[in-house]
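Participant: Below you will find the structure I want to go over with you.
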Amino acid sequence: MTDPDVREAIMTATYEALCTHGYTDLTAQDIADRTDKSKSLLFYHYDSKEDLVADFIDYLLERHDEHVEAAAGEPPVERLATFLDLFLYGPDDTDQTSFHTAMLELRAQAPYNDTYREQFQKSDRRLQATLETILEDGIESGAFVDHDFEAVATLLVTLVNGARIREITFEDDDYLETLKATAVDRVIDDILADGVELPTDPRTDGPFEPNEKLGSRADSRAETTNGLDDEHDSSSHDDESASSDDSADDHDEGTQ
């Protein structure tokens with residue numbers, strides 16, 4: 001993938017398609033429909049649906065890193081509150097629920113798929129490292145008392161992962177909110193320094209927000225059309241796209 005605008009367009013379309021169809025029912029055509037282009041374009045850039053989705057996970061990790069860096073100057077307690085708020089979201093956040101349902105489907109493929117397993121291992125390590133940095137920064141700044149930040153980070157990441165699986169599986173709308181309140185009461189309050197309180201209304205455009213990572217959907221749709229048209233104005237790309245039309249259906253059927 002050489003054109004970042006084209007990749008951005010495909011990644012936005014992949015996100016929307018995953019939210020709508022989930023992973024199991026996702027097809028290349030579902031993604032192509034959100035770019036107003038044929039799926040042969042996708043197979044010009046990716047060998048299979050698996051390759052495309054693996055790149056989508058990489059894309060999310062890249063965005064995560066960008067926003068972690070951008071938020072580095074925020075107070076650690078604010079960054080911790082944002083983490084909890086965005087991962088333990090409320091019952092009315094339909095996009096978050098749909099996205100995490102699709103990612104749970106995808107994560108379930110990891111034991112049988114080396115590519116996905118490696119991507120999720122990398123994702124979990126990145127999330128753990130981010131949280132450890134927040135907690136360590138808080139200790140150094142005096143916002144948090146001295147504690148085993150690696151152990152607390154492991155506990156919170158495990159809590160978040162387990163909570164989302166349970167909420168998605170049992171459709172218990174109140175579960176995440178109850179768990180968040182319990183985590184604050186039993187874990188977070190114990191590490192806050194005297195006089196420090198966890199913000200109750202943190203930024204929601206922080207380094208963990210999937211929607212924010214992908215930008216405005218309307219803007220992305222406009223960029224998609226322009227970016228993909230530009231990509232295929234060249235004769236070499238047109239020839240490649242045309243030659244892949246006949247095989248696109250076979251690719252799609254083989255990767256669902």
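Each chain in the structure tokens gets a letter, A, B and so on, in the order shown; residues start at 1 in every chain, and ligands are counted from 1 in the order they appear.
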Determine, counting only C-alpha atoms, which protein, DNA and RNA residues have an atom within 9 Å of an atom of Ala110 in chain A; residues of the same chain fewer than 6 positions away are not included. Present the result as a ChimeraX atom specification.
Facilitator: /A:116-120
Participant: Among the residues of range 7-232 of chain A, find those DSSP assigns to helix (DSSP H, G or I) from the backbone and print them as a compact mmCIF listing (two decimals) with N, CA and C atoms, in the first residue's frame.
Facilitator:
# COMPACT_ATOMS: atom_id res chain seq x y z
N ARG A 7 -5.27 3.94 1.63
CA ARG A 7 -5.33 3.05 2.80
C ARG A 7 -6.32 3.58 3.83
N GLU A 8 -6.27 4.89 4.09
CA GLU A 8 -7.20 5.49 5.05
C GLU A 8 -8.64 5.22 4.65
N ALA A 9 -8.93 5.35 3.37
CA ALA A 9 -10.29 5.12 2.88
C ALA A 9 -10.71 3.67 3.08
N ILE A 10 -9.83 2.75 2.77
CA ILE A 10 -10.15 1.32 2.93
C ILE A 10 -10.30 0.97 4.41
N MET A 11 -9.46 1.53 5.26
CA MET A 11 -9.56 1.24 6.69
C MET A 11 -10.86 1.77 7.28
N THR A 12 -11.28 2.97 6.85
CA THR A 12 -12.54 3.53 7.31
C THR A 12 -13.70 2.64 6.87
N ALA A 13 -13.66 2.20 5.63
CA ALA A 13 -14.71 1.32 5.12
C ALA A 13 -14.73 -0.01 5.87
N THR A 14 -13.55 -0.52 6.22
CA THR A 14 -13.46 -1.77 6.96
C THR A 14 -14.07 -1.61 8.35
N TYR A 15 -13.78 -0.51 9.01
CA TYR A 15 -14.35 -0.24 10.32
C TYR A 15 -15.88 -0.21 10.25
N GLU A 16 -16.43 0.52 9.29
CA GLU A 16 -17.88 0.63 9.16
C GLU A 16 -18.51 -0.71 8.85
N ALA A 17 -17.86 -1.48 7.97
CA ALA A 17 -18.38 -2.79 7.61
C ALA A 17 -18.35 -3.75 8.79
N LEU A 18 -17.29 -3.70 9.59
CA LEU A 18 -17.21 -4.55 10.78
C LEU A 18 -18.31 -4.19 11.78
N CYS A 19 -18.56 -2.91 11.97
CA CYS A 19 -19.61 -2.48 12.89
C CYS A 19 -20.98 -2.96 12.43
N THR A 20 -21.18 -3.01 11.13
CA THR A 20 -22.49 -3.37 10.58
C THR A 20 -22.67 -4.89 10.49
N HIS A 21 -21.65 -5.58 10.00
CA HIS A 21 -21.79 -7.01 9.68
C HIS A 21 -21.09 -7.95 10.65
N ALA A 28 -15.52 -8.93 1.31
CA ALA A 28 -14.83 -7.84 0.63
C ALA A 28 -15.84 -6.91 -0.04
N GLN A 29 -16.95 -7.45 -0.48
CA GLN A 29 -17.97 -6.63 -1.12
C GLN A 29 -18.57 -5.64 -0.12
N ASP A 30 -18.74 -6.07 1.14
CA ASP A 30 -19.25 -5.16 2.17
C ASP A 30 -18.34 -3.95 2.32
N ILE A 31 -17.04 -4.20 2.26
CA ILE A 31 -16.07 -3.10 2.38
C ILE A 31 -16.09 -2.25 1.11
N ALA A 32 -16.10 -2.91 -0.03
CA ALA A 32 -16.09 -2.18 -1.31
C ALA A 32 -17.32 -1.30 -1.44
N ASP A 33 -18.47 -1.77 -0.94
CA ASP A 33 -19.70 -0.98 -1.03
C ASP A 33 -19.57 0.36 -0.32
N LYS A 39 -14.83 -4.69 -5.57
CA LYS A 39 -13.91 -5.36 -4.66
C LYS A 39 -12.60 -5.75 -5.33
N SER A 40 -12.55 -5.67 -6.67
CA SER A 40 -11.28 -5.94 -7.34
C SER A 40 -10.20 -4.95 -6.89
N LEU A 41 -10.63 -3.73 -6.52
CA LEU A 41 -9.67 -2.75 -6.00
C LEU A 41 -9.01 -3.27 -4.73
N LEU A 42 -9.82 -3.86 -3.85
CA LEU A 42 -9.26 -4.36 -2.60
C LEU A 42 -8.22 -5.44 -2.85
N PHE A 43 -8.48 -6.30 -3.83
CA PHE A 43 -7.57 -7.40 -4.10
C PHE A 43 -6.38 -6.97 -4.95
N TYR A 44 -6.41 -5.72 -5.39
CA TYR A 44 -5.20 -5.14 -5.98
C TYR A 44 -4.19 -4.85 -4.86
N HIS A 45 -4.72 -4.44 -3.70
CA HIS A 45 -3.87 -4.07 -2.57
C HIS A 45 -3.66 -5.20 -1.58
N LYS A 49 -9.04 -11.42 2.40
CA LYS A 49 -9.70 -10.71 3.49
C LYS A 49 -8.84 -10.76 4.75
N GLU A 50 -8.17 -11.85 4.98
CA GLU A 50 -7.30 -11.99 6.15
C GLU A 50 -6.20 -10.93 6.14
N ASP A 51 -5.57 -10.72 4.99
CA ASP A 51 -4.51 -9.70 4.89
C ASP A 51 -5.07 -8.31 5.16
N LEU A 52 -6.26 -8.05 4.65
CA LEU A 52 -6.87 -6.73 4.83
C LEU A 52 -7.18 -6.48 6.31
N VAL A 53 -7.80 -7.47 6.96
CA VAL A 53 -8.15 -7.30 8.37
C VAL A 53 -6.90 -7.21 9.24
N ALA A 54 -5.86 -7.96 8.92
CA ALA A 54 -4.60 -7.86 9.66
C ALA A 54 -4.03 -6.45 9.54
N ASP A 55 -4.11 -5.87 8.36
CA ASP A 55 -3.64 -4.50 8.18
C ASP A 55 -4.52 -3.52 8.94
N PHE A 56 -5.81 -3.83 9.06
CA PHE A 56 -6.71 -2.98 9.82
C PHE A 56 -6.30 -2.94 11.30
N ILE A 57 -5.90 -4.09 11.85
CA ILE A 57 -5.44 -4.12 13.24
C ILE A 57 -4.16 -3.30 13.37
N ASP A 58 -3.26 -3.43 12.40
CA ASP A 58 -2.04 -2.61 12.41
C ASP A 58 -2.39 -1.13 12.37
N TYR A 59 -3.37 -0.80 11.57
CA TYR A 59 -3.82 0.59 11.43
C TYR A 59 -4.31 1.13 12.78
N LEU A 60 -5.09 0.34 13.48
CA LEU A 60 -5.58 0.77 14.78
C LEU A 60 -4.43 0.97 15.77
N LEU A 61 -3.45 0.09 15.70
CA LEU A 61 -2.29 0.21 16.58
C LEU A 61 -1.50 1.48 16.27
N GLU A 62 -1.37 1.79 14.99
CA GLU A 62 -0.67 3.02 14.59
C GLU A 62 -1.39 4.25 15.12
N ARG A 63 -2.72 4.25 14.99
CA ARG A 63 -3.51 5.37 15.49
C ARG A 63 -3.41 5.47 17.01
N HIS A 64 -3.44 4.31 17.65
CA HIS A 64 -3.29 4.28 19.11
C HIS A 64 -1.98 4.96 19.52
N ASP A 65 -0.88 4.60 18.85
CA ASP A 65 0.42 5.17 19.18
C ASP A 65 0.44 6.67 18.96
N GLU A 66 -0.19 7.12 17.87
CA GLU A 66 -0.23 8.55 17.57
C GLU A 66 -0.94 9.32 18.67
N HIS A 67 -2.06 8.77 19.12
CA HIS A 67 -2.85 9.49 20.13
C HIS A 67 -2.25 9.38 21.52
N VAL A 68 -1.58 8.27 21.80
CA VAL A 68 -0.87 8.17 23.07
C VAL A 68 0.21 9.23 23.13
N GLU A 69 0.93 9.41 22.04
CA GLU A 69 1.97 10.43 21.98
C GLU A 69 1.39 11.83 22.13
N ALA A 70 0.23 12.05 21.46
CA ALA A 70 -0.39 13.37 21.53
C ALA A 70 -0.91 13.69 22.93
N PRO A 76 -1.57 12.39 34.25
CA PRO A 76 -1.79 10.94 34.28
C PRO A 76 -3.17 10.54 34.77
N VAL A 77 -3.72 11.26 35.75
CA VAL A 77 -5.04 10.90 36.27
C VAL A 77 -6.11 11.10 35.21
N GLU A 78 -5.92 12.12 34.35
CA GLU A 78 -6.86 12.35 33.25
C GLU A 78 -6.76 11.24 32.22
N ARG A 79 -5.55 10.80 31.91
CA ARG A 79 -5.35 9.73 30.95
C ARG A 79 -5.92 8.41 31.47
N LEU A 80 -5.80 8.17 32.77
CA LEU A 80 -6.36 6.95 33.35
C LEU A 80 -7.89 6.98 33.31
N ALA A 81 -8.47 8.12 33.60
CA ALA A 81 -9.93 8.25 33.54
C ALA A 81 -10.44 8.04 32.12
N THR A 82 -9.69 8.55 31.14
CA THR A 82 -10.08 8.36 29.74
C THR A 82 -10.03 6.89 29.37
N PHE A 83 -8.99 6.21 29.82
CA PHE A 83 -8.87 4.77 29.56
C PHE A 83 -10.10 4.02 30.07
N LEU A 84 -10.47 4.26 31.31
CA LEU A 84 -11.61 3.57 31.90
C LEU A 84 -12.91 3.93 31.19
N ASP A 85 -13.06 5.21 30.87
CA ASP A 85 -14.31 5.68 30.27
C ASP A 85 -14.52 5.10 28.88
N LEU A 86 -13.45 4.96 28.13
CA LEU A 86 -13.58 4.52 26.75
C LEU A 86 -13.64 3.01 26.61
N PHE A 87 -13.04 2.28 27.54
CA PHE A 87 -13.11 0.83 27.45
C PHE A 87 -14.31 0.27 28.20
N THR A 94 -23.69 2.54 20.93
CA THR A 94 -23.94 1.46 19.98
C THR A 94 -22.73 1.17 19.11
N ASP A 95 -22.04 2.21 18.65
CA ASP A 95 -20.87 2.01 17.81
C ASP A 95 -19.78 1.24 18.54
N GLN A 96 -19.54 1.61 19.80
CA GLN A 96 -18.53 0.91 20.58
C GLN A 96 -18.89 -0.56 20.72
N THR A 97 -20.14 -0.84 21.05
CA THR A 97 -20.57 -2.22 21.23
C THR A 97 -20.43 -3.02 19.95
N SER A 98 -20.86 -2.45 18.83
CA SER A 98 -20.77 -3.14 17.54
C SER A 98 -19.33 -3.41 17.16
N PHE A 99 -18.48 -2.42 17.38
CA PHE A 99 -17.07 -2.58 17.03
C PHE A 99 -16.42 -3.67 17.89
N HIS A 100 -16.65 -3.62 19.19
CA HIS A 100 -16.01 -4.60 20.07
C HIS A 100 -16.59 -6.00 19.88
N THR A 101 -17.85 -6.09 19.45
CA THR A 101 -18.41 -7.40 19.11
C THR A 101 -17.67 -8.00 17.93
N ALA A 102 -17.43 -7.17 16.91
CA ALA A 102 -16.69 -7.64 15.74
C ALA A 102 -15.27 -8.04 16.12
N MET A 103 -14.62 -7.26 16.98
CA MET A 103 -13.26 -7.59 17.39
C MET A 103 -13.21 -8.86 18.24
N LEU A 104 -14.28 -9.12 19.01
CA LEU A 104 -14.35 -10.36 19.77
C LEU A 104 -14.46 -11.56 18.82
N GLU A 105 -15.26 -11.42 17.78
CA GLU A 105 -15.34 -12.47 16.76
C GLU A 105 -13.96 -12.72 16.15
N LEU A 106 -13.28 -11.63 15.86
CA LEU A 106 -11.97 -11.74 15.23
C LEU A 106 -10.96 -12.36 16.19
N ARG A 107 -11.00 -11.96 17.45
CA ARG A 107 -10.08 -12.50 18.44
C ARG A 107 -10.29 -14.01 18.61
N ALA A 110 -8.03 -16.25 16.66
CA ALA A 110 -6.59 -16.23 16.95
C ALA A 110 -5.99 -17.60 17.26
N PRO A 111 -6.68 -18.47 18.00
CA PRO A 111 -6.06 -19.77 18.28
C PRO A 111 -5.81 -20.61 17.03
N TYR A 112 -6.52 -20.29 15.94
CA TYR A 112 -6.43 -21.09 14.72
C TYR A 112 -5.75 -20.35 13.58
N ASP A 114 -2.46 -17.89 12.74
CA ASP A 114 -1.20 -17.32 13.23
C ASP A 114 -1.14 -15.81 13.04
N THR A 115 -1.66 -15.33 11.90
CA THR A 115 -1.61 -13.89 11.61
C THR A 115 -2.41 -13.11 12.63
N TYR A 116 -3.63 -13.54 12.90
CA TYR A 116 -4.46 -12.83 13.87
C TYR A 116 -3.90 -12.97 15.28
N ARG A 117 -3.36 -14.14 15.62
CA ARG A 117 -2.81 -14.32 16.95
C ARG A 117 -1.66 -13.35 17.19
N GLU A 118 -0.77 -13.22 16.21
CA GLU A 118 0.36 -12.29 16.35
C GLU A 118 -0.12 -10.85 16.48
N GLN A 119 -1.16 -10.49 15.74
CA GLN A 119 -1.67 -9.12 15.79
C GLN A 119 -2.28 -8.82 17.16
N PHE A 120 -3.04 -9.75 17.70
CA PHE A 120 -3.66 -9.51 18.99
C PHE A 120 -2.66 -9.57 20.13
N GLN A 121 -1.65 -10.39 20.00
CA GLN A 121 -0.58 -10.37 21.00
C GLN A 121 0.11 -9.02 21.03
N LYS A 122 0.36 -8.49 19.85
CA LYS A 122 0.98 -7.17 19.74
C LYS A 122 0.05 -6.09 20.31
N SER A 123 -1.24 -6.21 20.02
CA SER A 123 -2.21 -5.24 20.52
C SER A 123 -2.28 -5.25 22.04
N ASP A 124 -2.34 -6.44 22.62
CA ASP A 124 -2.44 -6.54 24.08
C ASP A 124 -1.17 -6.02 24.76
N ARG A 125 -0.02 -6.32 24.17
CA ARG A 125 1.23 -5.81 24.75
C ARG A 125 1.27 -4.29 24.69
N ARG A 126 0.77 -3.73 23.60
CA ARG A 126 0.76 -2.26 23.45
C ARG A 126 -0.17 -1.62 24.48
N LEU A 127 -1.33 -2.22 24.68
CA LEU A 127 -2.28 -1.70 25.65
C LEU A 127 -1.71 -1.78 27.07
N GLN A 128 -1.09 -2.89 27.39
CA GLN A 128 -0.47 -3.07 28.70
C GLN A 128 0.61 -2.02 28.92
N ALA A 129 1.46 -1.81 27.91
CA ALA A 129 2.55 -0.84 28.04
C ALA A 129 2.02 0.58 28.22
N THR A 130 0.94 0.90 27.51
CA THR A 130 0.34 2.23 27.63
C THR A 130 -0.15 2.48 29.04
N LEU A 131 -0.84 1.51 29.59
CA LEU A 131 -1.37 1.67 30.94
C LEU A 131 -0.26 1.72 31.98
N GLU A 132 0.78 0.91 31.80
CA GLU A 132 1.92 0.96 32.72
C GLU A 132 2.56 2.35 32.71
N THR A 133 2.67 2.94 31.52
CA THR A 133 3.26 4.28 31.41
C THR A 133 2.42 5.31 32.15
N ILE A 134 1.09 5.21 32.00
CA ILE A 134 0.20 6.14 32.70
C ILE A 134 0.40 6.04 34.20
N LEU A 135 0.43 4.82 34.71
CA LEU A 135 0.55 4.61 36.16
C LEU A 135 1.92 5.04 36.67
N GLU A 136 2.96 4.72 35.91
CA GLU A 136 4.31 5.11 36.32
C GLU A 136 4.46 6.63 36.31
N ASP A 137 3.90 7.27 35.28
CA ASP A 137 3.94 8.75 35.23
C ASP A 137 3.21 9.35 36.42
N GLY A 138 2.11 8.71 36.81
CA GLY A 138 1.35 9.21 37.96
C GLY A 138 2.13 9.10 39.25
N ILE A 139 2.89 8.03 39.42
CA ILE A 139 3.74 7.88 40.61
C ILE A 139 4.80 8.98 40.63
N GLU A 140 5.44 9.19 39.49
CA GLU A 140 6.51 10.18 39.42
C GLU A 140 6.00 11.60 39.64
N SER A 141 4.76 11.87 39.20
CA SER A 141 4.21 13.22 39.36
C SER A 141 3.60 13.45 40.74
N PHE A 149 2.97 -0.84 39.61
CA PHE A 149 2.19 -0.39 38.46
C PHE A 149 2.04 -1.48 37.40
N GLU A 150 3.01 -2.38 37.31
CA GLU A 150 2.89 -3.47 36.34
C GLU A 150 1.75 -4.41 36.72
N ALA A 151 1.65 -4.72 38.02
CA ALA A 151 0.59 -5.61 38.48
C ALA A 151 -0.78 -4.96 38.34
N VAL A 152 -0.87 -3.67 38.67
CA VAL A 152 -2.15 -2.96 38.54
C VAL A 152 -2.56 -2.85 37.07
N ALA A 153 -1.61 -2.59 36.20
CA ALA A 153 -1.91 -2.53 34.76
C ALA A 153 -2.42 -3.87 34.26
N THR A 154 -1.78 -4.95 34.68
CA THR A 154 -2.23 -6.29 34.28
C THR A 154 -3.65 -6.54 34.77
N LEU A 155 -3.93 -6.16 36.00
CA LEU A 155 -5.26 -6.35 36.56
C LEU A 155 -6.31 -5.57 35.77
N LEU A 156 -6.02 -4.31 35.45
CA LEU A 156 -6.99 -3.47 34.74
C LEU A 156 -7.21 -3.95 33.31
N VAL A 157 -6.14 -4.35 32.62
CA VAL A 157 -6.30 -4.85 31.26
C VAL A 157 -7.11 -6.13 31.26
N THR A 158 -6.83 -7.02 32.20
CA THR A 158 -7.58 -8.27 32.30
C THR A 158 -9.05 -7.98 32.63
N LEU A 159 -9.27 -7.04 33.52
CA LEU A 159 -10.63 -6.65 33.90
C LEU A 159 -11.39 -6.11 32.69
N VAL A 160 -10.74 -5.23 31.94
CA VAL A 160 -11.39 -4.63 30.77
C VAL A 160 -11.72 -5.69 29.72
N ASN A 161 -10.75 -6.55 29.41
CA ASN A 161 -10.99 -7.58 28.40
C ASN A 161 -12.12 -8.52 28.82
N GLY A 162 -12.09 -8.97 30.07
CA GLY A 162 -13.12 -9.87 30.55
C GLY A 162 -14.49 -9.20 30.60
N ALA A 163 -14.51 -7.94 31.00
CA ALA A 163 -15.78 -7.22 31.11
C ALA A 163 -16.45 -7.05 29.75
N ARG A 164 -15.67 -6.73 28.74
CA ARG A 164 -16.25 -6.54 27.42
C ARG A 164 -16.79 -7.86 26.86
N ILE A 165 -16.06 -8.95 27.10
CA ILE A 165 -16.53 -10.25 26.62
C ILE A 165 -17.86 -10.61 27.29
N ARG A 166 -17.95 -10.40 28.59
CA ARG A 166 -19.17 -10.73 29.31
C ARG A 166 -20.34 -9.84 28.86
N GLU A 167 -20.07 -8.55 28.72
CA GLU A 167 -21.14 -7.62 28.31
C GLU A 167 -21.67 -7.97 26.94
N ILE A 168 -20.76 -8.29 26.01
CA ILE A 168 -21.17 -8.62 24.65
C ILE A 168 -21.89 -9.96 24.62
N THR A 169 -21.42 -10.93 25.40
CA THR A 169 -22.00 -12.27 25.38
C THR A 169 -23.39 -12.30 25.99
N PHE A 170 -23.56 -11.60 27.12
CA PHE A 170 -24.82 -11.68 27.85
C PHE A 170 -25.73 -10.46 27.63
N TYR A 175 -23.73 -3.94 33.15
CA TYR A 175 -22.57 -4.64 33.69
C TYR A 175 -21.31 -3.77 33.65
N LEU A 176 -21.04 -3.14 32.51
CA LEU A 176 -19.82 -2.36 32.39
C LEU A 176 -19.81 -1.16 33.33
N GLU A 177 -20.96 -0.52 33.47
CA GLU A 177 -21.01 0.63 34.37
C GLU A 177 -20.80 0.20 35.82
N THR A 178 -21.40 -0.94 36.19
CA THR A 178 -21.21 -1.46 37.55
C THR A 178 -19.75 -1.83 37.79
N LEU A 179 -19.15 -2.49 36.81
CA LEU A 179 -17.76 -2.91 36.94
C LEU A 179 -16.82 -1.70 37.01
N LYS A 180 -17.11 -0.68 36.22
CA LYS A 180 -16.28 0.52 36.25
C LYS A 180 -16.32 1.16 37.64
N ALA A 181 -17.52 1.27 38.21
CA ALA A 181 -17.65 1.86 39.54
C ALA A 181 -16.90 1.03 40.58
N THR A 182 -16.97 -0.30 40.43
CA THR A 182 -16.27 -1.18 41.37
C THR A 182 -14.75 -1.06 41.22
N ALA A 183 -14.28 -0.97 39.96
CA ALA A 183 -12.84 -0.82 39.72
C ALA A 183 -12.32 0.46 40.33
N VAL A 184 -13.08 1.53 40.20
CA VAL A 184 -12.67 2.81 40.79
C VAL A 184 -12.63 2.70 42.30
N ASP A 185 -13.66 2.08 42.88
CA ASP A 185 -13.78 2.00 44.34
C ASP A 185 -12.74 1.07 44.95
N ARG A 186 -12.46 -0.08 44.28
CA ARG A 186 -11.61 -1.10 44.89
C ARG A 186 -10.15 -1.05 44.43
N VAL A 187 -9.89 -0.43 43.26
CA VAL A 187 -8.53 -0.43 42.72
C VAL A 187 -7.99 1.00 42.58
N ILE A 188 -8.70 1.83 41.83
CA ILE A 188 -8.18 3.16 41.50
C ILE A 188 -8.06 4.04 42.74
N ASP A 189 -9.10 4.07 43.58
CA ASP A 189 -9.06 4.93 44.77
C ASP A 189 -7.87 4.60 45.67
N ASP A 190 -7.45 3.34 45.66
CA ASP A 190 -6.33 2.94 46.53
C ASP A 190 -4.98 3.46 46.05
N ILE A 191 -4.88 3.80 44.77
CA ILE A 191 -3.59 4.28 44.27
C ILE A 191 -3.55 5.80 44.10
N PRO A 210 -11.97 4.36 19.07
CA PRO A 210 -11.97 3.88 17.68
C PRO A 210 -12.57 4.88 16.71
N ASN A 211 -13.71 5.51 17.07
CA ASN A 211 -14.34 6.44 16.15
C ASN A 211 -13.42 7.61 15.83
N GLU A 212 -12.79 8.15 16.87
CA GLU A 212 -11.92 9.30 16.67
C GLU A 212 -10.71 8.92 15.84
N LYS A 213 -10.23 7.70 16.02
CA LYS A 213 -9.07 7.26 15.25
C LYS A 213 -9.36 7.32 13.76
N LEU A 214 -10.61 7.02 13.42
CA LEU A 214 -10.95 6.92 12.01
C LEU A 214 -11.49 8.23 11.45
N ARG A 217 -16.89 10.27 9.59
CA ARG A 217 -17.32 9.32 8.57
C ARG A 217 -17.67 10.03 7.26
N ALA A 218 -18.30 11.19 7.39
CA ALA A 218 -18.65 11.91 6.17
C ALA A 218 -17.41 12.34 5.41
N ASP A 219 -16.43 12.89 6.14
CA ASP A 219 -15.19 13.30 5.50
C ASP A 219 -14.47 12.11 4.90
N SER A 220 -14.50 10.99 5.62
CA SER A 220 -13.80 9.81 5.13
C SER A 220 -14.43 9.29 3.84
N ARG A 221 -15.76 9.36 3.76
CA ARG A 221 -16.42 8.91 2.53
C ARG A 221 -16.00 9.77 1.34
N ALA A 222 -15.90 11.10 1.58
CA ALA A 222 -15.47 11.99 0.49
C ALA A 222 -14.05 11.68 0.08
N GLU A 223 -13.17 11.47 1.09
CA GLU A 223 -11.78 11.16 0.78
C GLU A 223 -11.67 9.83 0.06
N THR A 224 -12.59 8.90 0.41
CA THR A 224 -12.56 7.58 -0.20
C THR A 224 -12.74 7.68 -1.70
N THR A 225 -13.79 8.39 -2.11
CA THR A 225 -14.08 8.49 -3.54
C THR A 225 -12.94 9.15 -4.28
N ASN A 226 -12.46 10.29 -3.74
CA ASN A 226 -11.38 11.00 -4.42
C ASN A 226 -10.10 10.19 -4.45
N GLY A 227 -9.75 9.62 -3.30
CA GLY A 227 -8.50 8.88 -3.20
C GLY A 227 -8.47 7.68 -4.11
N LEU A 228 -9.59 6.96 -4.18
CA LEU A 228 -9.62 5.74 -4.98
C LEU A 228 -9.67 6.07 -6.47
N ASP A 229 -10.38 7.14 -6.81
CA ASP A 229 -10.40 7.54 -8.22
C ASP A 229 -9.02 7.94 -8.69
N ASP A 230 -8.31 8.71 -7.84
CA ASP A 230 -6.96 9.12 -8.21
C ASP A 230 -6.05 7.92 -8.37
N GLU A 231 -6.22 6.96 -7.47
CA GLU A 231 -5.36 5.78 -7.50
C GLU A 231 -5.51 5.03 -8.81
Participant: Quick one: distance from CA of Asp172 in chain A to CA of Glu197 in chain A in Å, one decimal?
Facilitator: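 Between CA of Asp172 in chain A and CA of Glu197 in chain A the gap works out to 28.3 Å.
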Participant: May I ask for the distance between CA of Tyr23 in chain A and CA of Gln109 in chain A, given in Å to one decimal place?
Facilitator: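 Value for the CA of Tyr23 in chain A-CA of Gln109 in chain A distance: 9.9 Å.
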Participant: Expressed in Å to a single decimal, how great is the separation between CA of His147 in chain A and CA of Glu74 in chain A?
Facilitator: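 These atoms are spaced 20.8 Å apart.
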